[in-house]
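Novice: Contents of protein_14.cif (mmCIF, C-alpha atoms):
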data_data
#
loop_
_atom_site.label_atom_id
_atom_site.label_comp_id
_atom_site.auth_asym_id
_atom_site.auth_seq_id
_atom_site.Cartn_x
_atom_site.Cartn_y
_atom_site.Cartn_z
CA MET A 1 3.08 15.07 -16.01
CA ASN A 2 2.20 11.90 -14.14
CA ILE A 3 4.63 9.00 -14.06
CA HIS A 4 4.40 5.38 -12.93
CA GLU A 5 5.14 4.13 -9.44
CA TYR A 6 8.35 2.39 -10.52
CA GLN A 7 9.58 5.59 -12.19
CA GLY A 8 8.76 7.65 -9.10
CA LYS A 9 10.74 5.20 -6.98
CA GLU A 10 13.72 5.52 -9.32
CA ILE A 11 13.68 9.28 -8.75
CA LEU A 12 13.32 8.85 -4.98
CA LYS A 13 16.25 6.41 -4.84
CA SER A 14 18.46 8.86 -6.71
CA PHE A 15 17.97 11.31 -3.82
CA GLY A 16 18.63 8.76 -1.10
CA VAL A 17 15.02 7.89 -0.23
CA ALA A 18 14.66 4.25 0.82
CA VAL A 19 12.03 2.44 -1.28
CA GLN A 20 10.44 -0.96 -1.66
CA GLU A 21 12.62 -2.54 -4.34
CA GLY A 22 11.12 -4.02 -7.46
CA VAL A 23 11.55 -4.83 -11.14
CA VAL A 24 9.12 -3.73 -13.84
CA ALA A 25 7.84 -6.34 -16.30
CA ASP A 26 5.51 -6.33 -19.29
CA THR A 27 5.29 -10.11 -19.82
CA VAL A 28 4.60 -13.07 -17.54
CA GLU A 29 8.05 -14.47 -18.26
CA GLN A 30 9.71 -11.23 -17.19
CA ALA A 31 7.60 -11.24 -14.02
CA VAL A 32 8.89 -14.71 -13.09
CA GLU A 33 12.49 -13.63 -13.66
CA ALA A 34 11.86 -10.51 -11.58
CA ALA A 35 10.53 -12.65 -8.71
CA LYS A 36 13.68 -14.76 -8.85
CA LYS A 37 15.76 -11.59 -8.68
CA MET A 38 13.84 -10.43 -5.59
CA LYS A 39 14.75 -13.74 -3.93
CA THR A 40 18.42 -13.53 -4.93
CA ASP A 41 18.99 -9.85 -4.19
CA TYR A 42 16.70 -9.27 -1.19
CA ASN A 43 15.89 -12.76 0.10
CA SER A 44 12.21 -12.05 -0.54
CA ASP A 45 10.32 -15.35 -0.74
CA TRP A 46 7.03 -13.56 -1.36
CA VAL A 47 6.54 -10.75 -3.90
CA VAL A 48 3.83 -8.22 -4.63
CA ILE A 49 2.49 -7.89 -8.18
CA LYS A 50 1.41 -4.28 -8.74
CA ALA A 51 -0.35 -2.92 -11.82
CA GLN A 52 1.34 0.17 -13.25
CA ILE A 53 -1.26 2.73 -14.32
CA HIS A 54 -1.64 6.45 -13.70
CA ALA A 55 -4.34 6.11 -11.05
CA GLY A 56 -4.69 5.41 -7.36
CA GLY A 57 -6.83 2.79 -5.68
CA ARG A 58 -5.25 -0.06 -7.63
CA GLY A 59 -5.58 -2.52 -4.78
CA LYS A 60 -9.34 -1.99 -4.54
CA GLY A 61 -9.67 -2.78 -8.24
CA GLY A 62 -7.67 -5.99 -8.04
CA GLY A 63 -4.45 -4.53 -9.40
CA VAL A 64 -2.23 -5.38 -6.41
CA LYS A 65 -1.76 -9.04 -5.46
CA LEU A 66 0.57 -10.99 -3.18
CA ALA A 67 2.35 -14.02 -4.70
CA LYS A 68 3.90 -16.60 -2.35
CA ASN A 69 5.66 -18.72 -4.99
CA LEU A 70 6.55 -18.72 -8.69
CA ASP A 71 3.32 -20.46 -9.69
CA GLU A 72 1.35 -17.68 -8.02
CA VAL A 73 3.58 -15.11 -9.72
CA LYS A 74 2.57 -16.58 -13.10
CA GLU A 75 -1.09 -16.68 -12.07
CA ARG A 76 -1.17 -13.11 -10.73
CA ALA A 77 0.85 -11.65 -13.61
CA THR A 78 -1.37 -13.37 -16.18
CA ALA A 79 -4.49 -11.99 -14.51
CA ILE A 80 -3.25 -8.40 -14.11
CA LEU A 81 -1.34 -7.85 -17.37
CA GLY A 82 -3.77 -6.71 -20.04
CA MET A 83 -6.70 -6.27 -17.65
CA GLN A 84 -8.92 -3.21 -17.82
CA LEU A 85 -8.35 -1.98 -14.28
CA VAL A 86 -11.20 0.09 -12.84
CA THR A 87 -10.45 2.18 -9.75
CA PRO A 88 -12.15 5.19 -8.11
CA GLN A 89 -9.74 7.42 -10.06
CA THR A 90 -10.06 5.87 -13.54
CA GLY A 91 -13.79 6.23 -14.06
CA PRO A 92 -16.00 3.34 -15.19
CA GLU A 93 -14.01 2.81 -18.40
CA GLY A 94 -10.85 1.88 -16.45
CA LYS A 95 -7.31 1.71 -17.81
CA LYS A 96 -5.51 -1.12 -19.54
CA VAL A 97 -2.53 -2.52 -17.61
CA ASN A 98 0.52 -2.74 -19.86
CA LYS A 99 3.19 -3.08 -17.16
CA ILE A 100 3.47 -4.56 -13.71
CA LEU A 101 5.94 -4.05 -10.88
CA VAL A 102 7.22 -7.15 -9.13
CA ALA A 103 8.18 -5.82 -5.70
CA GLN A 104 9.84 -7.29 -2.64
CA ASP A 105 7.85 -8.24 0.45
CA VAL A 106 8.57 -5.62 3.11
CA TYR A 107 6.01 -6.77 5.69
CA TYR A 108 8.31 -9.43 7.12
CA PRO A 109 8.12 -10.38 10.82
CA GLY A 110 10.61 -8.89 13.27
CA ALA A 111 11.23 -7.33 16.65
CA SER A 112 8.54 -4.63 16.36
CA GLU A 113 5.18 -4.18 14.70
CA THR A 114 4.98 -2.68 11.21
CA LYS A 115 3.24 0.68 10.89
CA GLU A 116 1.93 2.58 7.85
CA PHE A 117 2.01 6.38 7.46
CA TYR A 118 0.93 8.90 4.83
CA ILE A 119 3.32 11.64 3.64
CA SER A 120 3.01 14.04 0.71
CA VAL A 121 4.85 17.17 -0.41
CA LEU A 122 3.09 19.79 -2.52
CA LEU A 123 2.66 23.52 -3.03
CA ASN A 124 0.26 25.61 -0.96
CA ARG A 125 -0.80 28.02 -3.69
CA SER A 126 -2.57 30.35 -1.27
CA ASN A 127 0.72 31.53 0.26
CA GLY A 128 3.40 30.31 -2.17
CA ARG A 129 4.96 27.91 0.34
CA ASN A 130 5.66 24.22 0.08
CA ILE A 131 3.84 22.00 2.52
CA ILE A 132 4.43 18.52 3.91
CA MET A 133 1.14 16.86 4.76
CA TYR A 134 1.36 13.69 6.85
CA SER A 135 -0.74 11.33 8.93
CA THR A 136 -0.47 8.25 11.12
CA GLU A 137 -3.29 6.76 9.04
CA GLY A 138 -1.32 5.52 6.06
CA GLY A 139 -2.56 2.94 3.58
CA MET A 140 -6.03 4.50 3.59
CA ASP A 141 -7.77 7.03 1.36
CA ILE A 142 -6.47 10.33 2.70
CA GLU A 143 -9.77 11.94 1.65
CA GLU A 144 -11.62 9.64 4.04
CA VAL A 145 -9.19 10.47 6.84
CA ALA A 146 -9.59 14.20 6.18
CA GLU A 147 -13.38 13.94 6.25
CA HIS A 148 -13.86 11.73 9.28
CA THR A 149 -10.73 12.27 11.41
CA PRO A 150 -9.18 15.60 10.36
CA HIS A 151 -7.25 15.85 13.65
CA LEU A 152 -5.07 12.98 12.41
CA ILE A 153 -3.71 15.03 9.50
CA PHE A 154 -0.70 17.26 10.22
CA LYS A 155 0.81 19.97 8.02
CA GLU A 156 4.28 21.49 8.03
CA GLU A 157 4.80 24.59 5.88
CA ILE A 158 8.24 25.26 4.44
CA ASP A 159 9.60 28.56 3.18
CA PRO A 160 11.14 27.68 -0.23
CA LYS A 161 13.81 30.34 0.31
CA VAL A 162 15.33 28.48 3.27
CA GLY A 163 14.12 24.93 2.66
CA LEU A 164 13.23 22.22 5.15
CA GLN A 165 14.85 22.80 8.53
CA GLY A 166 16.10 20.04 10.81
CA PHE A 167 13.67 20.85 13.59
CA GLN A 168 10.78 20.49 11.14
CA ALA A 169 11.85 17.00 10.07
CA ARG A 170 12.18 16.02 13.73
CA LYS A 171 8.75 17.47 14.49
CA ILE A 172 7.23 15.30 11.76
CA ALA A 173 8.86 12.16 13.14
CA PHE A 174 7.68 13.06 16.65
CA ASN A 175 4.08 13.69 15.56
CA LEU A 176 4.06 10.30 13.88
CA GLY A 177 4.79 8.75 17.27
CA LEU A 178 8.22 7.39 16.45
CA SER A 179 11.22 6.96 18.71
CA GLY A 180 14.69 5.44 18.70
CA GLY A 181 16.02 4.14 15.42
CA ALA A 182 12.70 4.61 13.61
CA PHE A 183 12.68 8.30 14.63
CA LYS A 184 16.14 8.85 13.13
CA GLU A 185 15.21 6.96 9.98
CA MET A 186 12.06 9.04 9.52
CA VAL A 187 14.06 12.29 9.86
CA LYS A 188 16.40 11.07 7.10
CA PHE A 189 13.45 9.92 4.99
CA VAL A 190 11.56 13.25 5.21
CA THR A 191 14.72 15.26 4.51
CA ALA A 192 15.56 13.22 1.40
CA LEU A 193 11.92 13.26 0.22
CA TYR A 194 11.72 17.04 0.39
CA LYS A 195 15.02 17.36 -1.48
CA ALA A 196 13.67 15.08 -4.21
CA TYR A 197 10.49 17.16 -4.51
CA ASP A 198 12.35 20.48 -4.60
CA SER A 199 15.14 19.40 -6.96
CA THR A 200 12.87 17.81 -9.55
CA ASP A 201 10.48 20.78 -9.93
CA SER A 202 7.61 18.50 -8.99
CA SER A 203 4.03 19.52 -8.35
CA MET A 204 3.49 16.70 -5.90
CA PHE A 205 5.12 13.71 -4.24
CA GLU A 206 2.64 11.42 -2.46
CA ILE A 207 3.85 8.35 -0.58
CA ASN A 208 1.05 6.16 0.71
CA PRO A 209 2.02 4.16 2.56
CA VAL A 210 5.33 5.08 4.09
CA LEU A 211 6.20 1.93 6.03
CA LYS A 212 8.02 1.46 9.31
CA THR A 213 9.25 -2.09 8.96
CA SER A 214 9.57 -4.61 11.76
CA ASP A 215 13.28 -3.73 12.06
CA ASP A 216 12.60 0.04 12.20
CA LYS A 217 13.49 0.96 8.63
CA ILE A 218 11.43 3.69 6.92
CA ILE A 219 10.67 3.01 3.25
CA ALA A 220 8.35 4.22 0.47
CA VAL A 221 6.04 1.36 -0.47
CA ASP A 222 4.26 3.43 -3.12
CA ALA A 223 5.12 6.60 -5.04
CA LYS A 224 2.71 8.94 -6.80
CA VAL A 225 4.64 11.70 -8.55
CA ASP A 226 3.33 14.65 -10.56
CA LEU A 227 6.09 16.54 -12.41
CA ASP A 228 5.62 20.16 -13.47
CA GLU A 229 5.43 20.06 -17.28
CA ASN A 230 6.59 23.68 -17.51
CA ALA A 231 9.93 22.69 -15.94
CA LEU A 232 10.61 19.54 -17.96
CA PHE A 233 12.99 21.42 -20.25
CA ARG A 234 15.38 21.33 -17.29
CA HIS A 235 14.88 17.59 -16.84
CA PRO A 236 15.01 15.80 -20.21
CA ASP A 237 15.59 12.48 -18.43
CA TYR A 238 12.28 12.88 -16.60
CA ALA A 239 10.50 14.06 -19.75
CA ALA A 240 11.53 10.75 -21.34
CA MET A 241 9.48 8.96 -18.66
CA ARG A 242 6.23 10.10 -20.26
CA ASP A 243 3.94 7.17 -21.06
CA LYS A 244 1.57 8.27 -23.82
CA LEU A 245 -0.41 5.04 -23.53
CA GLU A 246 -1.65 6.31 -20.14
CA GLU A 247 -2.93 9.58 -21.60
CA ASP A 248 -6.03 10.43 -23.57
CA PRO A 249 -5.10 10.04 -27.29
CA THR A 250 -6.70 13.40 -28.05
CA ASP A 251 -4.58 15.12 -25.41
CA VAL A 252 -1.46 13.50 -26.88
CA GLU A 253 -2.37 14.65 -30.39
CA ALA A 254 -2.98 18.19 -29.13
CA SER A 255 0.35 18.38 -27.32
CA GLU A 256 2.22 17.09 -30.37
CA SER A 257 0.63 19.90 -32.40
CA ASN A 258 1.52 22.47 -29.69
CA LEU A 259 -2.14 23.10 -28.91
CA ASN A 260 -3.50 23.79 -25.44
CA TYR A 261 -6.56 21.57 -25.27
CA VAL A 262 -9.00 20.59 -22.52
CA LYS A 263 -12.06 18.49 -23.31
CA LEU A 264 -15.39 19.59 -21.84
CA ASP A 265 -18.91 18.17 -21.98
CA GLY A 266 -20.67 20.63 -24.29
CA ASN A 267 -21.86 20.73 -27.91
CA VAL A 268 -19.96 23.68 -29.45
CA GLY A 269 -16.29 23.20 -30.23
CA CYS A 270 -14.15 26.31 -30.06
CA MET A 271 -10.76 27.21 -31.50
CA VAL A 272 -9.21 30.45 -30.22
CA ASN A 273 -5.83 32.18 -30.01
CA GLY A 274 -5.08 33.21 -26.45
CA ALA A 275 -6.27 31.82 -23.13
CA GLY A 276 -8.19 34.94 -22.11
CA LEU A 277 -10.06 35.11 -25.41
CA ALA A 278 -10.77 31.38 -25.12
CA MET A 279 -12.44 31.91 -21.74
CA ALA A 280 -14.49 34.79 -23.16
CA THR A 281 -15.46 32.63 -26.13
CA MET A 282 -16.81 29.94 -23.84
CA ASP A 283 -18.91 32.62 -22.14
CA ILE A 284 -20.24 33.69 -25.54
CA ILE A 285 -21.24 30.11 -26.32
CA LYS A 286 -23.10 29.86 -23.01
CA ILE A 287 -24.90 33.16 -23.62
CA ALA A 288 -25.89 31.95 -27.09
CA GLY A 289 -27.59 28.88 -25.63
CA GLY A 290 -24.86 26.34 -26.21
CA GLU A 291 -22.29 24.59 -24.06
CA PRO A 292 -18.54 24.69 -24.80
CA ALA A 293 -17.21 21.30 -25.84
CA ASN A 294 -13.59 22.19 -25.22
CA PHE A 295 -10.94 24.76 -24.42
CA LEU A 296 -8.57 25.00 -27.40
CA ASP A 297 -5.89 27.68 -27.62
CA VAL A 298 -3.93 27.55 -30.89
CA GLY A 299 -1.49 30.26 -29.77
CA GLY A 300 -0.48 33.50 -31.40
CA THR A 301 0.86 32.08 -34.66
CA ALA A 302 -2.16 30.19 -35.99
CA ASN A 303 -1.71 28.86 -39.53
CA ALA A 304 -3.20 26.20 -41.81
CA GLN A 305 -1.42 23.40 -39.98
CA THR A 306 -2.56 24.40 -36.51
CA VAL A 307 -6.10 25.09 -37.73
CA LYS A 308 -6.25 21.66 -39.39
CA ALA A 309 -4.95 19.98 -36.25
CA GLY A 310 -7.56 21.85 -34.22
CA PHE A 311 -10.33 20.74 -36.58
CA ASN A 312 -9.26 17.11 -36.36
CA ILE A 313 -9.21 17.18 -32.57
CA ILE A 314 -12.58 18.92 -32.19
CA LEU A 315 -14.29 16.65 -34.73
CA LYS A 316 -13.31 13.54 -32.78
CA ASP A 317 -15.87 14.56 -30.18
CA PRO A 318 -19.24 13.11 -31.30
CA ASN A 319 -21.11 15.63 -29.13
CA VAL A 320 -19.94 18.62 -31.19
CA LYS A 321 -22.78 20.16 -33.21
CA ALA A 322 -20.96 23.33 -34.33
CA ILE A 323 -17.49 24.89 -34.28
CA LEU A 324 -16.73 28.49 -33.38
CA ILE A 325 -13.36 29.86 -34.49
CA ASN A 326 -12.54 33.13 -32.72
CA ILE A 327 -9.21 34.69 -33.69
CA PHE A 328 -7.85 38.12 -32.81
CA GLY A 329 -5.36 39.22 -35.45
CA GLY A 330 -2.71 41.01 -33.45
CA ILE A 331 0.47 39.08 -34.11
CA VAL A 332 -1.14 37.02 -36.88
CA ARG A 333 -3.00 38.49 -39.87
CA CYS A 334 -6.68 37.55 -40.12
CA ASP A 335 -6.53 36.91 -43.87
CA ARG A 336 -3.80 34.32 -43.33
CA VAL A 337 -5.91 32.60 -40.71
CA ALA A 338 -8.92 32.69 -43.05
CA GLN A 339 -6.86 31.10 -45.79
CA GLY A 340 -5.70 28.51 -43.27
CA VAL A 341 -9.33 27.72 -42.41
CA ILE A 342 -10.18 27.33 -46.10
CA ASP A 343 -7.13 25.15 -46.80
CA ALA A 344 -7.78 23.00 -43.74
CA TYR A 345 -11.46 22.61 -44.65
CA ASN A 346 -10.58 21.53 -48.20
CA GLU A 347 -7.90 19.14 -46.99
CA ILE A 348 -10.15 17.49 -44.42
CA GLY A 349 -12.99 17.19 -46.92
CA ASN A 350 -16.52 16.97 -45.65
CA VAL A 351 -16.88 18.73 -42.30
CA PRO A 352 -20.17 17.41 -40.85
CA VAL A 353 -20.94 20.40 -38.61
CA PRO A 354 -21.41 24.13 -39.33
CA ILE A 355 -18.40 26.38 -38.74
CA ILE A 356 -18.59 29.97 -37.51
CA CYS A 357 -15.43 31.95 -38.10
CA ARG A 358 -15.06 35.25 -36.26
CA LEU A 359 -11.86 37.09 -37.22
CA GLN A 360 -11.08 40.53 -35.80
CA GLY A 361 -7.97 42.66 -36.06
CA THR A 362 -5.41 43.06 -38.82
CA ASN A 363 -6.99 42.53 -42.26
CA ALA A 364 -10.31 41.39 -40.77
CA GLU A 365 -12.33 42.69 -43.75
CA GLU A 366 -10.10 40.84 -46.22
CA ALA A 367 -10.49 37.70 -44.12
CA LYS A 368 -14.29 37.94 -44.14
CA LYS A 369 -14.27 38.33 -47.91
CA LEU A 370 -12.11 35.22 -48.31
CA ILE A 371 -14.49 33.19 -46.16
CA ASP A 372 -17.63 34.51 -47.86
CA GLU A 373 -16.27 33.81 -51.35
CA SER A 374 -14.85 30.37 -50.54
CA GLY A 375 -18.10 28.55 -51.28
CA LEU A 376 -17.64 26.50 -48.13
CA LYS A 377 -20.17 25.97 -45.36
CA VAL A 378 -18.47 28.54 -43.13
CA TYR A 379 -20.28 31.47 -41.53
CA SER A 380 -18.14 34.58 -41.12
CA ALA A 381 -18.43 37.29 -38.49
CA ILE A 382 -16.43 40.25 -37.23
CA ALA A 383 -18.36 41.40 -34.16
CA LEU A 384 -18.75 39.17 -31.12
CA GLN A 385 -22.50 39.69 -31.16
CA ASP A 386 -22.65 38.45 -34.75
CA ALA A 387 -20.75 35.32 -33.75
CA SER A 388 -23.09 34.76 -30.81
CA ASP A 389 -26.16 35.15 -33.01
CA LEU A 390 -24.74 32.64 -35.50
CA VAL A 391 -24.14 30.09 -32.72
CA THR A 392 -27.78 30.47 -31.66
CA LYS A 393 -28.88 30.09 -35.30
CA VAL A 394 -26.95 26.91 -36.13
CA LEU A 395 -28.01 25.21 -32.87
CA ALA A 396 -31.69 25.95 -33.43
#
Take the structure in the file and write it out as structure tokens.

Specialist:
Amino acid sequence: MNIHEYQGKEILKSFGVAVQEGVVADTVEQAVEAAKKMKTDYNSDWVVIKAQIHAGGRGKGGGVKLAKNLDEVKERATAILGMQLVTPQTGPEGKKVNKILVAQDVYYPGASETKEFYISVLLNRSNGRNIIMYSTEGGMDIEEVAEHTPHLIFKEEIDPKVGLQGFQARKIAFNLGLSGGAFKEMVKFVTALYKAYDSTDSSMFEINPVLKTSDDKIIAVDAKVDLDENALFRHPDYAAMRDKLEEDPTDVEASESNLNYVKLDGNVGCMVNGAGLAMATMDIIKIAGGEPANFLDVGGTANAQTVKAGFNIILKDPNVKAILINIFGGIVRCDRVAQGVIDAYNEIGNVPVPIICRLQGTNAEEAKKLIDESGLKVYSAIALQDASDLVTKVLA
């Protein structure tokens, strides 16, 4: 589950990570009050107005602006709030900005030069170890750095059984070229960052940039956090941070119906119980001359409600020319699924595309009879080959 920058910073602060302070706002008036608070609390004459969407590259799209006075705060907030922000990560359709973060200016002049770094913590799935990836080239697209100057990217692997060791945190600070007070601050920063990642069951923490200020403080200027959805039951306070406005409405509807759904680019919608069978079903569609329009696993207890929800989700895709339902009746009885298909069909009304229903397992023959005698435009099958042949037929 992705969360906003301001939410990620709240989590980081709770683990002792120093961050660029800010106040979230969803109106221009709130933005002005937030700017006043930055002046009162942090003596920040200038503020940064930052669009809050679940995508990187906001600055390139015009979603991050500096404001030097309250008039500019109003101007910047008015321009950014409600805009359709297009970045390299949003696609051409962009994302609407519903919130902004009014953040303190941390690039103030001082005794030393400011410096930006890149630091992320994630899982190396090839060996089951956590990894801290870091670079002296912060504030840039890390993909560009990796492609053109890979020698500037460092990696530190951490055994999750023992956690981050002190010498590893010091090694990171050393490789970033720090010394003196900044070195000590970076050691503290990395230690707290890893603790935050590990304790929150996160999939990734990405801080770009990590800033060394002119007075040698180390702070997180940005925060991209990806929480592991499978662990959110342990963190109800983090689960409450979910912003459904940032998600695809179809994905939200699927999750609320306890369906595992992934949209694809094909023309045959599929509804299956079990991830393995779903993958096989997509292969069947390909063999039959079609392209799968989605991955949709309704789970082992499919009933009329889940079937109806699946229909509604699949039919929202205008590219779908047919629907293949492929259910193995192990836990669930096929005749009950068949009745669920019939009930859902009748409740929805006119279904504009042909439906192929392949039910195999417990009471499969009874299920086929129910489908055949329903009078609905539903093709029934028991064998996989029959289902494949029907897909080829309806697409012809």

Novice: So which one's closest to Lys115 (chain A), A:Thr40, A:Thr200, A:Thr362, A:Thr136? Using only C-alpha atoms, please.

Specialist: A:Thr136

Novice: Please enumerate the residues selected by the PyMOL selection byres ((chain A and resi 29-33) around 7) when evaluated against the supplied file, formatted as a PyMOL selection string.

Specialist: chain A and resi 25-28+34-37+70+73-74+77+102

Novice: With all atoms listed in the file as the counted atoms, please give the residues lying no more than 9 Å from Met186 (chain A), apart from itself and same-chain residues fewer than 2 positions off, as a ChimeraX atom specification.

Specialist: /A:169-170,172-173,178,181-184,188-191,212,217-219

Novice: Given all atoms listed in the file as the basis, pick out the residue of A:Glu72, A:Glu113, A:Glu137, A:Asp243 nearest to Lys99 (chain A).

Specialist: A:Asp243

Novice: Hey, what comes out of the PyMOL selection byres ((chain A and resi 363) around 6) on this file? Could you write it as a VMD selection string?

Specialist: chain A and resid 334 to 335 362 364 to 366

Novice: Find the residues around Met271 (chain A) up to 9 Å (only C-alpha atoms counted), leave out those fewer than 2 positions away in its own chain, and share them as a list in words.

Specialist: Gly269, Asn273, Ala278, Thr281, Asn294, Phe295, Leu296, Asp297, Val298, Val307, Gly310, Phe311, Ile314, Ile323, Leu324, Ile325, Asn326 and Ile327 of chain A

Novice: Can I get the selection written as a PDB file, in the coordinates of the input, with C-alpha atoms?

Specialist:
ATOM      1  CA  GLY A 269     -16.290  23.200 -30.230  1.00  0.00           C
ATOM      2  CA  ASN A 273      -5.830  32.180 -30.010  1.00  0.00           C
ATOM      3  CA  ALA A 278     -10.770  31.380 -25.120  1.00  0.00           C
ATOM      4  CA  THR A 281     -15.460  32.630 -26.130  1.00  0.00           C
ATOM      5  CA  ASN A 294     -13.590  22.190 -25.220  1.00  0.00           C
ATOM      6  CA  PHE A 295     -10.940  24.760 -24.420  1.00  0.00           C
ATOM      7  CA  LEU A 296      -8.570  25.000 -27.400  1.00  0.00           C
ATOM      8  CA  ASP A 297      -5.890  27.680 -27.620  1.00  0.00           C
ATOM      9  CA  VAL A 298      -3.930  27.550 -30.890  1.00  0.00           C
ATOM     10  CA  VAL A 307      -6.100  25.090 -37.730  1.00  0.00           C
ATOM     11  CA  GLY A 310      -7.560  21.850 -34.220  1.00  0.00           C
ATOM     12  CA  PHE A 311     -10.330  20.740 -36.580  1.00  0.00           C
ATOM     13  CA  ILE A 314     -12.580  18.920 -32.190  1.00  0.00           C
ATOM     14  CA  ILE A 323     -17.490  24.890 -34.280  1.00  0.00           C
ATOM     15  CA  LEU A 324     -16.730  28.490 -33.380  1.00  0.00           C
ATOM     16  CA  ILE A 325     -13.360  29.860 -34.490  1.00  0.00           C
ATOM     17  CA  ASN A 326     -12.540  33.130 -32.720  1.00  0.00           C
ATOM     18  CA  ILE A 327      -9.210  34.690 -33.690  1.00  0.00           C
TER      19      ILE A 327
END

Novice: Out of A:Leu376, A:Val268, A:Val121, A:Ala367, which residue has the shortest atom-to-atom distance to Asp226 (chain A) when counting all atoms listed in the file?

Specialist: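 Among the listed residues, A:Val121 lies closest to Asp226 (chain A).
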
Novice: Pick from A:Val221, A:Lys65, A:Gln360, A:Pro92: nearest to Leu277 (chain A), with all atoms listed in the file counted?

Specialist: A:Gln360

Novice: Which one of A:Val23, A:Glu5, A:Gln52, A:Ser214 sits closest to Leu245 (chain A) if you count all atoms listed in the file?

Specialist: A:Gln52

Novice: Residues proximal to (16.8, 16.3, 0.6) were defined as those with any atom within 10 Å of that point in the file's coordinates, counting only C-alpha atoms. Which are they, as a list in words?

Specialist: Leu12, Phe15, Gly16, Val17, Gly163, Leu164, Lys188, Phe189, Val190, Thr191, Ala192, Leu193, Tyr194, Lys195, Ala196, Tyr197, Asp198 and Ser199 of chain A
